[in-house]
file structure-v5.tsv (TSV, C-alpha atoms)
chain	number	residue	atom	x	y	z
A	1	MET	CA	1.23	-78.39	-7.41
A	2	THR	CA	-1.51	-76.46	-5.68
A	3	ASP	CA	0.90	-74.27	-3.72
A	4	LEU	CA	2.00	-72.28	-6.73
A	5	LEU	CA	1.35	-68.59	-6.59
A	6	TYR	CA	-0.99	-68.51	-9.54
A	7	ASN	CA	-3.17	-71.27	-8.13
A	8	ASN	CA	-4.09	-69.00	-5.25
A	9	GLN	CA	-7.62	-67.79	-5.68
A	10	HIS	CA	-7.32	-64.85	-3.32
A	11	ILE	CA	-4.75	-63.11	-5.49
A	12	TYR	CA	-7.13	-62.88	-8.44
A	13	LEU	CA	-10.00	-61.74	-6.24
A	14	PHE	CA	-7.87	-59.05	-4.65
A	15	VAL	CA	-6.63	-57.81	-8.02
A	16	ALA	CA	-10.26	-57.52	-9.11
A	17	LEU	CA	-11.09	-55.76	-5.84
A	18	LEU	CA	-8.26	-53.27	-6.34
A	19	LEU	CA	-9.51	-52.62	-9.87
A	20	LEU	CA	-12.91	-51.82	-8.36
A	21	PHE	CA	-11.11	-49.55	-5.86
A	22	PHE	CA	-9.26	-47.64	-8.57
A	23	GLY	CA	-12.41	-47.43	-10.70
A	24	ILE	CA	-14.57	-45.95	-7.95
A	25	ALA	CA	-11.80	-43.54	-6.96
A	26	GLY	CA	-11.45	-42.49	-10.60
A	27	VAL	CA	-15.18	-41.90	-11.09
A	28	VAL	CA	-15.17	-39.58	-8.08
A	29	TYR	CA	-11.76	-38.00	-8.67
A	30	ARG	CA	-11.70	-37.43	-12.41
A	31	ARG	CA	-13.06	-34.23	-13.78
A	32	THR	CA	-13.53	-34.90	-17.46
A	33	LEU	CA	-16.15	-37.27	-18.83
A	34	ILE	CA	-13.61	-39.36	-20.74
A	35	GLY	CA	-11.67	-39.92	-17.52
A	36	MET	CA	-14.86	-41.13	-15.88
A	37	LEU	CA	-15.51	-43.48	-18.81
A	38	VAL	CA	-11.99	-44.93	-18.49
A	39	SER	CA	-12.67	-45.56	-14.80
A	40	MET	CA	-15.94	-47.29	-15.66
A	41	GLU	CA	-14.02	-49.59	-17.99
A	42	LEU	CA	-11.71	-50.44	-15.10
A	43	ILE	CA	-14.72	-51.45	-12.98
A	44	MET	CA	-16.10	-53.64	-15.77
A	45	ASN	CA	-12.73	-55.34	-16.22
A	46	GLY	CA	-12.58	-56.05	-12.51
A	47	ALA	CA	-16.01	-57.67	-12.70
A	48	GLY	CA	-14.91	-59.84	-15.61
A	49	LEU	CA	-11.74	-60.96	-13.85
A	50	ASN	CA	-13.78	-61.80	-10.76
A	51	LEU	CA	-16.21	-63.94	-12.75
A	52	VAL	CA	-13.49	-65.84	-14.57
A	53	ALA	CA	-11.54	-66.49	-11.38
A	54	LEU	CA	-14.60	-67.80	-9.56
A	55	ASN	CA	-15.50	-69.97	-12.55
A	56	ARG	CA	-12.00	-71.40	-12.63
A	57	PHE	CA	-11.70	-72.15	-8.92
A	58	VAL	CA	-15.18	-72.68	-7.53
A	59	SER	CA	-17.12	-74.46	-10.29
A	60	PRO	CA	-14.66	-75.75	-12.89
A	61	GLU	CA	-17.14	-78.14	-14.51
A	62	ASN	CA	-19.00	-75.58	-16.63
A	63	GLY	CA	-18.16	-72.35	-18.39
A	64	TYR	CA	-20.89	-69.92	-17.49
A	65	GLY	CA	-18.54	-67.36	-15.96
A	66	MET	CA	-16.48	-67.19	-19.13
A	67	ALA	CA	-19.59	-66.83	-21.28
A	68	PHE	CA	-20.83	-64.07	-19.04
A	69	THR	CA	-17.46	-62.31	-19.30
A	70	LEU	CA	-17.77	-62.38	-23.08
A	71	ILE	CA	-21.23	-60.81	-22.73
A	72	ILE	CA	-19.74	-58.13	-20.45
A	73	MET	CA	-17.16	-57.35	-23.15
A	74	GLY	CA	-19.91	-56.84	-25.74
A	75	ILE	CA	-21.90	-54.61	-23.40
A	76	ALA	CA	-18.77	-52.57	-22.57
A	77	ALA	CA	-18.03	-52.01	-26.26
A	78	ALA	CA	-21.60	-50.85	-26.98
A	79	GLU	CA	-21.61	-48.64	-23.89
A	80	ALA	CA	-18.31	-47.02	-24.85
A	81	ALA	CA	-19.61	-46.25	-28.35
A	82	ILE	CA	-22.79	-44.61	-27.06
A	83	ALA	CA	-21.03	-42.75	-24.25
A	84	LEU	CA	-18.37	-41.34	-26.57
A	85	GLY	CA	-21.08	-40.22	-29.01
A	86	ILE	CA	-22.84	-38.38	-26.20
A	87	ILE	CA	-19.53	-36.86	-25.06
A	88	MET	CA	-18.86	-35.59	-28.58
A	89	LEU	CA	-22.32	-34.02	-28.62
A	90	ILE	CA	-21.72	-32.36	-25.24
A	91	PHE	CA	-18.40	-31.01	-26.49
A	92	LYS	CA	-19.99	-29.53	-29.58
A	93	LYS	CA	-22.66	-27.82	-27.53
A	94	TYR	CA	-20.75	-26.65	-24.45
A	95	LYS	CA	-17.11	-26.58	-25.70
A	96	HIS	CA	-15.87	-28.51	-22.69
A	97	ILE	CA	-16.28	-32.01	-21.28
A	98	GLU	CA	-16.22	-31.39	-17.55
A	99	GLY	CA	-18.80	-33.35	-15.65
A	100	GLY	CA	-19.24	-30.87	-12.83
A	101	ASP	CA	-20.45	-28.05	-15.06
A	102	LEU	CA	-23.29	-29.88	-16.77
A	103	LYS	CA	-26.28	-28.68	-14.83
A	104	GLU	CA	-29.04	-28.48	-17.43
A	105	MET	CA	-30.72	-31.71	-16.41
A	106	LYS	CA	-30.76	-30.60	-12.77
A	107	ASP	CA	-32.78	-27.43	-13.32
B	1	MET	CA	9.89	-69.15	-7.05
B	2	ASN	CA	9.97	-70.35	-10.62
B	3	LEU	CA	9.71	-68.38	-13.83
B	4	GLY	CA	5.94	-68.64	-14.11
B	5	GLU	CA	5.44	-67.03	-10.74
B	6	ILE	CA	7.81	-64.17	-11.57
B	7	ILE	CA	5.91	-63.47	-14.80
B	8	PHE	CA	2.66	-63.67	-12.83
B	9	LEU	CA	3.89	-61.02	-10.40
B	10	ILE	CA	5.00	-58.79	-13.28
B	11	THR	CA	1.53	-59.17	-14.81
B	12	ILE	CA	-0.16	-58.16	-11.56
B	13	VAL	CA	2.15	-55.16	-11.18
B	14	ALA	CA	1.37	-54.09	-14.76
B	15	THR	CA	-2.37	-54.41	-14.12
B	16	LEU	CA	-2.43	-52.40	-10.91
B	17	GLY	CA	0.16	-49.87	-12.09
B	18	GLY	CA	-1.86	-49.24	-15.23
B	19	ALA	CA	-5.01	-48.79	-13.16
B	20	ALA	CA	-3.23	-46.29	-10.87
B	21	MET	CA	-1.93	-44.44	-13.91
B	22	ALA	CA	-5.41	-44.34	-15.43
B	23	VAL	CA	-6.79	-42.75	-12.29
B	24	LEU	CA	-4.03	-40.48	-11.04
B	25	SER	CA	-2.33	-39.11	-14.16
B	26	GLY	CA	-2.96	-35.52	-15.09
B	27	SER	CA	-3.62	-35.99	-18.80
B	28	ILE	CA	-6.34	-38.02	-20.52
B	29	ILE	CA	-3.84	-39.46	-22.99
B	30	TYR	CA	-1.84	-40.95	-20.12
B	31	ALA	CA	-5.05	-42.25	-18.61
B	32	MET	CA	-5.83	-44.06	-21.86
B	33	MET	CA	-2.32	-45.51	-21.94
B	34	GLY	CA	-2.83	-46.75	-18.39
B	35	LEU	CA	-6.10	-48.35	-19.47
B	36	VAL	CA	-4.31	-50.18	-22.30
B	37	THR	CA	-1.65	-51.42	-19.85
B	38	THR	CA	-4.38	-52.69	-17.53
B	39	MET	CA	-6.09	-54.49	-20.41
B	40	PHE	CA	-2.88	-56.29	-21.35
B	41	GLY	CA	-2.29	-57.24	-17.73
B	42	ILE	CA	-5.78	-58.69	-17.40
B	43	ALA	CA	-5.26	-60.62	-20.64
B	44	GLY	CA	-2.16	-62.13	-19.02
B	45	LEU	CA	-4.16	-63.04	-15.92
B	46	TYR	CA	-6.71	-64.78	-18.16
B	47	VAL	CA	-3.88	-66.87	-19.57
B	48	TYR	CA	-2.95	-67.87	-16.03
B	49	LEU	CA	-6.58	-68.79	-15.44
B	50	ASP	CA	-6.38	-71.33	-18.32
B	51	ASN	CA	-8.40	-69.20	-20.71
B	52	PRO	CA	-6.35	-68.31	-23.79
B	53	PHE	CA	-9.51	-67.64	-25.84
B	54	LEU	CA	-10.77	-65.07	-23.36
B	55	SER	CA	-7.34	-63.47	-23.28
B	56	MET	CA	-7.36	-63.05	-27.05
B	57	MET	CA	-10.87	-61.62	-26.90
B	58	GLN	CA	-9.75	-59.18	-24.21
B	59	ILE	CA	-6.92	-57.88	-26.37
B	60	LEU	CA	-9.10	-57.80	-29.48
B	61	ILE	CA	-12.10	-56.01	-27.99
B	62	TYR	CA	-10.66	-53.76	-25.30
B	63	VAL	CA	-7.26	-52.87	-26.71
B	64	GLY	CA	-8.33	-53.07	-30.33
B	65	ALA	CA	-11.76	-51.47	-30.20
B	66	VAL	CA	-12.55	-49.60	-27.00
B	67	SER	CA	-9.16	-47.97	-26.49
B	68	VAL	CA	-8.95	-46.92	-30.13
B	69	LEU	CA	-12.45	-45.46	-29.80
B	70	ILE	CA	-11.36	-43.48	-26.74
B	71	ALA	CA	-8.23	-42.34	-28.60
B	72	PHE	CA	-10.36	-41.07	-31.50
B	73	ALA	CA	-12.66	-39.25	-29.08
B	74	ILE	CA	-9.67	-37.58	-27.40
B	75	MET	CA	-8.35	-36.52	-30.78
B	76	LEU	CA	-11.72	-35.13	-31.91
B	77	ILE	CA	-12.43	-33.29	-28.69
B	78	GLY	CA	-9.45	-31.10	-29.36
B	79	PRO	CA	-7.58	-28.52	-27.39
B	80	LEU	CA	-7.21	-29.91	-23.93
B	81	TYR	CA	-3.73	-28.43	-23.64
B	82	ARG	CA	-5.20	-25.23	-22.30
B	83	LYS	CA	-6.04	-27.11	-19.14
B	84	PRO	CA	-3.08	-29.45	-18.74
B	85	LYS	CA	-3.84	-30.52	-15.20
B	86	GLU	CA	-7.17	-31.90	-14.18
B	87	TRP	CA	-6.87	-29.38	-11.32
B	88	THR	CA	-8.90	-31.36	-8.92
B	89	THR	CA	-8.76	-30.12	-5.39
B	90	VAL	CA	-7.33	-31.87	-2.36
B	91	GLY	CA	-10.80	-32.23	-0.90
B	92	LYS	CA	-11.97	-34.11	-3.97
B	93	PHE	CA	-8.98	-36.43	-3.76
B	94	VAL	CA	-9.70	-37.15	-0.10
B	95	ALA	CA	-13.37	-37.79	-0.91
B	96	ALA	CA	-12.47	-40.18	-3.72
B	97	LEU	CA	-10.01	-42.01	-1.50
B	98	GLY	CA	-12.59	-42.26	1.28
B	99	VAL	CA	-15.36	-43.63	-0.92
B	100	ALA	CA	-13.03	-46.14	-2.57
B	101	LEU	CA	-11.55	-47.30	0.74
B	102	VAL	CA	-15.01	-47.87	2.20
B	103	SER	CA	-15.93	-50.00	-0.80
B	104	LEU	CA	-12.61	-51.85	-0.50
B	105	PHE	CA	-12.89	-52.73	3.16
B	106	MET	CA	-16.50	-53.76	2.73
B	107	PHE	CA	-15.38	-56.58	0.47
B	108	VAL	CA	-12.01	-57.62	1.92
B	109	ARG	CA	-13.43	-59.64	4.78
B	110	PHE	CA	-16.09	-61.08	2.48
B	111	VAL	CA	-13.41	-62.33	0.12
B	112	MET	CA	-11.18	-63.62	2.89
B	113	GLU	CA	-13.87	-65.58	4.69
B	114	THR	CA	-16.18	-66.78	1.95
B	115	PHE	CA	-13.94	-68.25	-0.69
B	116	PRO	CA	-11.39	-71.02	-0.28
B	117	ARG	CA	-7.78	-70.15	-0.77
B	118	ALA	CA	-6.46	-73.18	-2.61
B	119	GLY	CA	-7.26	-73.68	-6.24
B	120	ASN	CA	-8.67	-76.58	-8.15
B	121	PRO	CA	-5.98	-77.46	-10.65
B	122	SER	CA	-8.17	-79.46	-13.04
B	123	PHE	CA	-9.92	-77.11	-15.38
B	124	LYS	CA	-10.71	-78.36	-18.84
B	125	ILE	CA	-13.14	-75.89	-20.41
B	126	THR	CA	-12.00	-75.34	-23.97
B	127	THR	CA	-13.11	-72.88	-26.61
B	128	LYS	CA	-15.26	-75.57	-28.19
B	129	GLU	CA	-17.23	-75.98	-24.98
B	130	ILE	CA	-17.75	-72.22	-24.68
B	131	GLY	CA	-19.21	-72.25	-28.19
B	132	ARG	CA	-21.46	-75.20	-27.33
B	133	LEU	CA	-22.58	-73.38	-24.19
B	134	PHE	CA	-23.48	-70.30	-26.17
B	135	PHE	CA	-25.46	-72.15	-28.80
B	136	ASN	CA	-27.14	-74.69	-26.53
B	137	ASN	CA	-27.99	-72.89	-23.30
B	138	LEU	CA	-27.39	-69.19	-23.86
B	139	VAL	CA	-29.03	-68.60	-27.22
B	140	LEU	CA	-31.31	-65.80	-26.04
B	141	PRO	CA	-28.57	-63.69	-24.32
B	142	PHE	CA	-26.37	-64.14	-27.38
B	143	GLU	CA	-29.07	-62.82	-29.68
B	144	LEU	CA	-29.86	-60.00	-27.27
B	145	ILE	CA	-26.19	-58.97	-27.33
B	146	SER	CA	-26.28	-58.78	-31.12
B	147	LEU	CA	-29.47	-56.70	-30.88
B	148	LEU	CA	-27.78	-54.42	-28.34
B	149	VAL	CA	-24.80	-53.88	-30.61
B	150	VAL	CA	-27.09	-53.01	-33.53
B	151	VAL	CA	-29.00	-50.53	-31.36
B	152	ALA	CA	-25.69	-49.01	-30.18
B	153	ILE	CA	-24.48	-48.57	-33.76
B	154	LEU	CA	-27.76	-46.94	-34.78
B	155	GLY	CA	-27.68	-44.71	-31.71
B	156	ALA	CA	-24.13	-43.57	-32.41
B	157	ILE	CA	-25.07	-42.76	-36.02
B	158	MET	CA	-28.12	-40.82	-34.84
B	159	LEU	CA	-26.03	-38.84	-32.36
B	160	ALA	CA	-23.55	-37.95	-35.10
B	161	LEU	CA	-26.37	-36.83	-37.41
B	162	PHE	CA	-27.98	-34.69	-34.72
B	163	SER	CA	-24.70	-32.97	-33.97
B	164	ARG	CA	-24.32	-32.16	-37.64
B	165	GLY	CA	-27.84	-30.74	-37.85
B	166	ASN	CA	-27.27	-28.38	-34.94
B	167	LYS	CA	-24.41	-26.59	-36.59

call {"tool": "encode", "arguments": {"input": "structure-v5.tsv", "output": "structure tokens"}}
result
Amino acid sequence: MTDLLYNNQHIYLFVALLLLFFGIAGVVYRRTLIGMLVSMELIMNGAGLNLVALNRFVSPENGYGMAFTLIIMGIAAAEAAIALGIIMLIFKKYKHIEGGDLKEMKD
Amino acid sequence: MNLGEIIFLITIVATLGGAAMAVLSGSIIYAMMGLVTTMFGIAGLYVYLDNPFLSMMQILIYVGAVSVLIAFAIMLIGPLYRKPKEWTTVGKFVAALGVALVSLFMFVRFVMETFPRAGNPSFKITTKEIGRLFFNNLVLPFELISLLVVVAILGAIMLALFSRGNK
């Protein structure tokens, strides 16, 4: 039963790769900070899917990839909380959330 | 093609379609909806990878916590209807596509040549063994994650207090 479609490792890896593709494109293409944060979440999900797929197919005798994916989920939740707090602060100060117009740190 | 494979293909289409919607849609609300669709699709892929616990955690944390947090932020940030499009230029779209395609083709050959195609059908890691792994071998990362979450909560509270003091 190894010729089933969902026992094909390459499909999972390519889905994770396409998630990385969409995430990088979104970080460059999006204009608002929340759109960039959504794209970052896509990249993190792609990384988690990659780890779980490699754990399932390459070394099925231990569960380190799954444990690391759980750690990634915790880090993503903390990162989203902090990033959204900073975005709220930026909105209260500048009245917009566009990433291209924030130049104070550059000067 | 049996029923499992058809549902698998639907799951993949939902994942990638949600990701495309999260990137290409004009409104942030639609982007968040695309993110939720992608999360559910990845939860389905975790089920196909014999990990129902991780699938439940994916739905609980990403759909239940992170997406709701983003929804609250979108609601609090307020009148985005004055700028309904993200009015990015064509040049920016081409640049984004170029950067993403370079990163895609860098990894395609790596994936094709490094990893074997066929799967190993015997995978017996249960939730109990994940718990044993966390509390036997990964005690320090587990505690560091709890410390990180506490620091994130305190940081979010401090940011909220600062924004109130500035008014």

call {"tool": "closest_atom_pairs", "arguments": {"input": "structure-v5.tsv", "of": "chain A", "to": "chain B", "cutoff": "6 Å", "atoms": "all atoms listed in the file", "output": "JSON lines"}}
result
{"residue": "A:Asn7", "atom": "CA", "partner": "B:Gly119", "partner_atom": "CA", "distance": 5.1}
{"residue": "A:Asn8", "atom": "CA", "partner": "B:Ala118", "partner_atom": "CA", "distance": 5.5}
{"residue": "A:Gln9", "atom": "CA", "partner": "B:Arg117", "partner_atom": "CA", "distance": 5.5}
{"residue": "A:His10", "atom": "CA", "partner": "B:Arg117", "partner_atom": "CA", "distance": 5.9}
{"residue": "A:Phe21", "atom": "CA", "partner": "B:Ala100", "partner_atom": "CA", "distance": 5.1}
{"residue": "A:Ile24", "atom": "CA", "partner": "B:Ala100", "partner_atom": "CA", "distance": 5.6}
{"residue": "A:Ala25", "atom": "CA", "partner": "B:Ala96", "partner_atom": "CA", "distance": 4.7}
{"residue": "A:Gly26", "atom": "CA", "partner": "B:Val23", "partner_atom": "CA", "distance": 5.0}
{"residue": "A:Val28", "atom": "CA", "partner": "B:Ala96", "partner_atom": "CA", "distance": 5.2}
{"residue": "A:Tyr29", "atom": "CA", "partner": "B:Ala96", "partner_atom": "CA", "distance": 5.5}
{"residue": "A:Phe57", "atom": "CA", "partner": "B:Gly119", "partner_atom": "CA", "distance": 5.4}
{"residue": "A:Pro60", "atom": "CA", "partner": "B:Phe123", "partner_atom": "CA", "distance": 5.5}
{"residue": "A:Ala78", "atom": "CA", "partner": "B:Ala152", "partner_atom": "CA", "distance": 5.5}
{"residue": "A:Ile82", "atom": "CA", "partner": "B:Ala156", "partner_atom": "CA", "distance": 5.6}
{"residue": "A:Gly85", "atom": "CA", "partner": "B:Ala156", "partner_atom": "CA", "distance": 5.7}
{"residue": "A:Leu89", "atom": "CA", "partner": "B:Ser163", "partner_atom": "CA", "distance": 5.9}

call {"tool": "closest_residue", "arguments": {"input": "structure-v5.tsv", "among": "A:Ala16, A:Leu33, A:Ile11, A:Leu4", "to": "A:His96", "atoms": "only C-alpha atoms"}}
result
A:Leu33

call {"tool": "residues_around", "arguments": {"input": "structure-v5.tsv", "residues": "A:Gly65", "least_positions_apart": "6", "cutoff": "9 Å", "atoms": "all atoms listed in the file", "output": "list in words"}}
result
Gly48, Asn50, Leu51, Val52, Ala53, Leu54, Asn55 and Arg56 of chain A

call {"tool": "write_last_selection", "arguments": {"input": "structure-v5.tsv", "atoms": "C-alpha atoms", "output": "short mmCIF file (atom, residue, chain, number, x, y, z; two decimals), in the frame of the given file"}}
result
data_model
loop_
_atom_site.label_atom_id
_atom_site.label_comp_id
_atom_site.auth_asym_id
_atom_site.auth_seq_id
_atom_site.Cartn_x
_atom_site.Cartn_y
_atom_site.Cartn_z
CA GLY A 48 -14.91 -59.84 -15.61
CA ASN A 50 -13.78 -61.80 -10.76
CA LEU A 51 -16.21 -63.94 -12.75
CA VAL A 52 -13.49 -65.84 -14.57
CA ALA A 53 -11.54 -66.49 -11.38
CA LEU A 54 -14.60 -67.80 -9.56
CA ASN A 55 -15.50 -69.97 -12.55
CA ARG A 56 -12.00 -71.40 -12.63
#

call {"tool": "closest_residue", "arguments": {"input": "structure-v5.tsv", "among": "A:Met88, A:Tyr12, A:Ile71, A:Tyr94", "to": "A:Ile34", "atoms": "all atoms listed in the file"}}
result
A:Met88

call {"tool": "atom_distance", "arguments": {"input": "structure-v5.tsv", "atom1": "atom CA of A:Glu41", "atom2": "atom CA of B:Thr114"}}
result
26.4 Å

call {"tool": "atom_distance", "arguments": {"input": "structure-v5.tsv", "atom1": "atom CA of B:Gly41", "atom2": "atom CA of A:Leu42"}}
result
11.9 Å

call {"tool": "atom_distance", "arguments": {"input": "structure-v5.tsv", "atom1": "atom CA of A:Met44", "atom2": "atom CA of B:Leu60"}}
result
15.9 Å

call {"tool": "build_atoms", "arguments": {"input": "structure-v5.tsv", "residues": "stretch 114-145 of chain B", "atoms": "N, CA and C atoms", "output": "PDB file, keeping the file's coordinate frame"}}
result
ATOM      1  N   THR B 114     -15.198 -66.000   2.700  1.00  0.00           N
ATOM      2  CA  THR B 114     -16.180 -66.780   1.950  1.00  0.00           C
ATOM      3  C   THR B 114     -15.517 -67.817   1.045  1.00  0.00           C
ATOM      4  N   PHE B 115     -14.468 -67.392   0.356  1.00  0.00           N
ATOM      5  CA  PHE B 115     -13.940 -68.250  -0.690  1.00  0.00           C
ATOM      6  C   PHE B 115     -12.726 -69.026  -0.218  1.00  0.00           C
ATOM      7  N   PRO B 116     -12.566 -70.238  -0.665  1.00  0.00           N
ATOM      8  CA  PRO B 116     -11.390 -71.020  -0.280  1.00  0.00           C
ATOM      9  C   PRO B 116     -10.134 -70.482  -0.943  1.00  0.00           C
ATOM     10  N   ARG B 117      -9.015 -70.738  -0.291  1.00  0.00           N
ATOM     11  CA  ARG B 117      -7.780 -70.150  -0.770  1.00  0.00           C
ATOM     12  C   ARG B 117      -7.145 -71.021  -1.868  1.00  0.00           C
ATOM     13  N   ALA B 118      -7.154 -72.307  -1.667  1.00  0.00           N
ATOM     14  CA  ALA B 118      -6.460 -73.180  -2.610  1.00  0.00           C
ATOM     15  C   ALA B 118      -7.279 -73.352  -3.875  1.00  0.00           C
ATOM     16  N   GLY B 119      -6.575 -73.556  -4.977  1.00  0.00           N
ATOM     17  CA  GLY B 119      -7.260 -73.680  -6.240  1.00  0.00           C
ATOM     18  C   GLY B 119      -7.543 -75.122  -6.596  1.00  0.00           C
ATOM     19  N   ASN B 120      -8.358 -75.265  -7.611  1.00  0.00           N
ATOM     20  CA  ASN B 120      -8.670 -76.580  -8.150  1.00  0.00           C
ATOM     21  C   ASN B 120      -7.895 -76.716  -9.455  1.00  0.00           C
ATOM     22  N   PRO B 121      -6.866 -77.513  -9.481  1.00  0.00           N
ATOM     23  CA  PRO B 121      -5.980 -77.460 -10.650  1.00  0.00           C
ATOM     24  C   PRO B 121      -6.538 -78.084 -11.912  1.00  0.00           C
ATOM     25  N   SER B 122      -7.657 -78.810 -11.834  1.00  0.00           N
ATOM     26  CA  SER B 122      -8.170 -79.460 -13.040  1.00  0.00           C
ATOM     27  C   SER B 122      -9.271 -78.613 -13.643  1.00  0.00           C
ATOM     28  N   PHE B 123      -8.933 -77.960 -14.705  1.00  0.00           N
ATOM     29  CA  PHE B 123      -9.920 -77.110 -15.380  1.00  0.00           C
ATOM     30  C   PHE B 123      -9.792 -77.362 -16.859  1.00  0.00           C
ATOM     31  N   LYS B 124     -10.834 -77.900 -17.460  1.00  0.00           N
ATOM     32  CA  LYS B 124     -10.710 -78.360 -18.840  1.00  0.00           C
ATOM     33  C   LYS B 124     -11.780 -77.774 -19.743  1.00  0.00           C
ATOM     34  N   ILE B 125     -12.174 -76.526 -19.512  1.00  0.00           N
ATOM     35  CA  ILE B 125     -13.140 -75.890 -20.410  1.00  0.00           C
ATOM     36  C   ILE B 125     -12.382 -75.327 -21.601  1.00  0.00           C
ATOM     37  N   THR B 126     -12.687 -75.822 -22.774  1.00  0.00           N
ATOM     38  CA  THR B 126     -12.000 -75.340 -23.970  1.00  0.00           C
ATOM     39  C   THR B 126     -12.898 -74.367 -24.724  1.00  0.00           C
ATOM     40  N   THR B 127     -12.347 -73.810 -25.783  1.00  0.00           N
ATOM     41  CA  THR B 127     -13.110 -72.880 -26.610  1.00  0.00           C
ATOM     42  C   THR B 127     -14.328 -73.545 -27.237  1.00  0.00           C
ATOM     43  N   LYS B 128     -14.153 -74.826 -27.597  1.00  0.00           N
ATOM     44  CA  LYS B 128     -15.260 -75.570 -28.190  1.00  0.00           C
ATOM     45  C   LYS B 128     -16.441 -75.655 -27.226  1.00  0.00           C
ATOM     46  N   GLU B 129     -16.127 -75.850 -25.947  1.00  0.00           N
ATOM     47  CA  GLU B 129     -17.230 -75.980 -24.980  1.00  0.00           C
ATOM     48  C   GLU B 129     -17.882 -74.629 -24.719  1.00  0.00           C
ATOM     49  N   ILE B 130     -17.120 -73.542 -24.807  1.00  0.00           N
ATOM     50  CA  ILE B 130     -17.750 -72.220 -24.680  1.00  0.00           C
ATOM     51  C   ILE B 130     -18.729 -72.009 -25.833  1.00  0.00           C
ATOM     52  N   GLY B 131     -18.312 -72.387 -27.037  1.00  0.00           N
ATOM     53  CA  GLY B 131     -19.210 -72.250 -28.190  1.00  0.00           C
ATOM     54  C   GLY B 131     -20.451 -73.096 -28.042  1.00  0.00           C
ATOM     55  N   ARG B 132     -20.286 -74.339 -27.555  1.00  0.00           N
ATOM     56  CA  ARG B 132     -21.460 -75.200 -27.330  1.00  0.00           C
ATOM     57  C   ARG B 132     -22.371 -74.607 -26.280  1.00  0.00           C
ATOM     58  N   LEU B 133     -21.769 -74.007 -25.239  1.00  0.00           N
ATOM     59  CA  LEU B 133     -22.580 -73.380 -24.190  1.00  0.00           C
ATOM     60  C   LEU B 133     -23.400 -72.231 -24.748  1.00  0.00           C
ATOM     61  N   PHE B 134     -22.751 -71.428 -25.611  1.00  0.00           N
ATOM     62  CA  PHE B 134     -23.480 -70.300 -26.170  1.00  0.00           C
ATOM     63  C   PHE B 134     -24.635 -70.753 -27.044  1.00  0.00           C
ATOM     64  N   PHE B 135     -24.419 -71.797 -27.840  1.00  0.00           N
ATOM     65  CA  PHE B 135     -25.460 -72.150 -28.800  1.00  0.00           C
ATOM     66  C   PHE B 135     -26.415 -73.207 -28.286  1.00  0.00           C
ATOM     67  N   ASN B 136     -26.150 -73.781 -27.107  1.00  0.00           N
ATOM     68  CA  ASN B 136     -27.140 -74.690 -26.530  1.00  0.00           C
ATOM     69  C   ASN B 136     -27.963 -74.022 -25.448  1.00  0.00           C
ATOM     70  N   ASN B 137     -27.274 -73.384 -24.482  1.00  0.00           N
ATOM     71  CA  ASN B 137     -27.990 -72.890 -23.300  1.00  0.00           C
ATOM     72  C   ASN B 137     -28.219 -71.395 -23.324  1.00  0.00           C
ATOM     73  N   LEU B 138     -27.332 -70.643 -23.974  1.00  0.00           N
ATOM     74  CA  LEU B 138     -27.390 -69.190 -23.860  1.00  0.00           C
ATOM     75  C   LEU B 138     -27.738 -68.538 -25.188  1.00  0.00           C
ATOM     76  N   VAL B 139     -28.700 -69.131 -25.902  1.00  0.00           N
ATOM     77  CA  VAL B 139     -29.030 -68.600 -27.220  1.00  0.00           C
ATOM     78  C   VAL B 139     -29.670 -67.225 -27.104  1.00  0.00           C
ATOM     79  N   LEU B 140     -30.592 -67.066 -26.151  1.00  0.00           N
ATOM     80  CA  LEU B 140     -31.310 -65.800 -26.040  1.00  0.00           C
ATOM     81  C   LEU B 140     -30.393 -64.642 -25.610  1.00  0.00           C
ATOM     82  N   PRO B 141     -29.506 -64.793 -24.598  1.00  0.00           N
ATOM     83  CA  PRO B 141     -28.570 -63.690 -24.320  1.00  0.00           C
ATOM     84  C   PRO B 141     -27.649 -63.367 -25.475  1.00  0.00           C
ATOM     85  N   PHE B 142     -27.243 -64.387 -26.225  1.00  0.00           N
ATOM     86  CA  PHE B 142     -26.370 -64.140 -27.380  1.00  0.00           C
ATOM     87  C   PHE B 142     -27.076 -63.267 -28.410  1.00  0.00           C
ATOM     88  N   GLU B 143     -28.330 -63.626 -28.704  1.00  0.00           N
ATOM     89  CA  GLU B 143     -29.070 -62.820 -29.680  1.00  0.00           C
ATOM     90  C   GLU B 143     -29.358 -61.429 -29.144  1.00  0.00           C
ATOM     91  N   LEU B 144     -29.605 -61.324 -27.839  1.00  0.00           N
ATOM     92  CA  LEU B 144     -29.860 -60.000 -27.270  1.00  0.00           C
ATOM     93  C   LEU B 144     -28.608 -59.129 -27.336  1.00  0.00           C
ATOM     94  N   ILE B 145     -27.419 -59.747 -27.199  1.00  0.00           N
ATOM     95  CA  ILE B 145     -26.190 -58.970 -27.330  1.00  0.00           C
ATOM     96  C   ILE B 145     -26.051 -58.427 -28.743  1.00  0.00           C
TER      97      ILE B 145
END
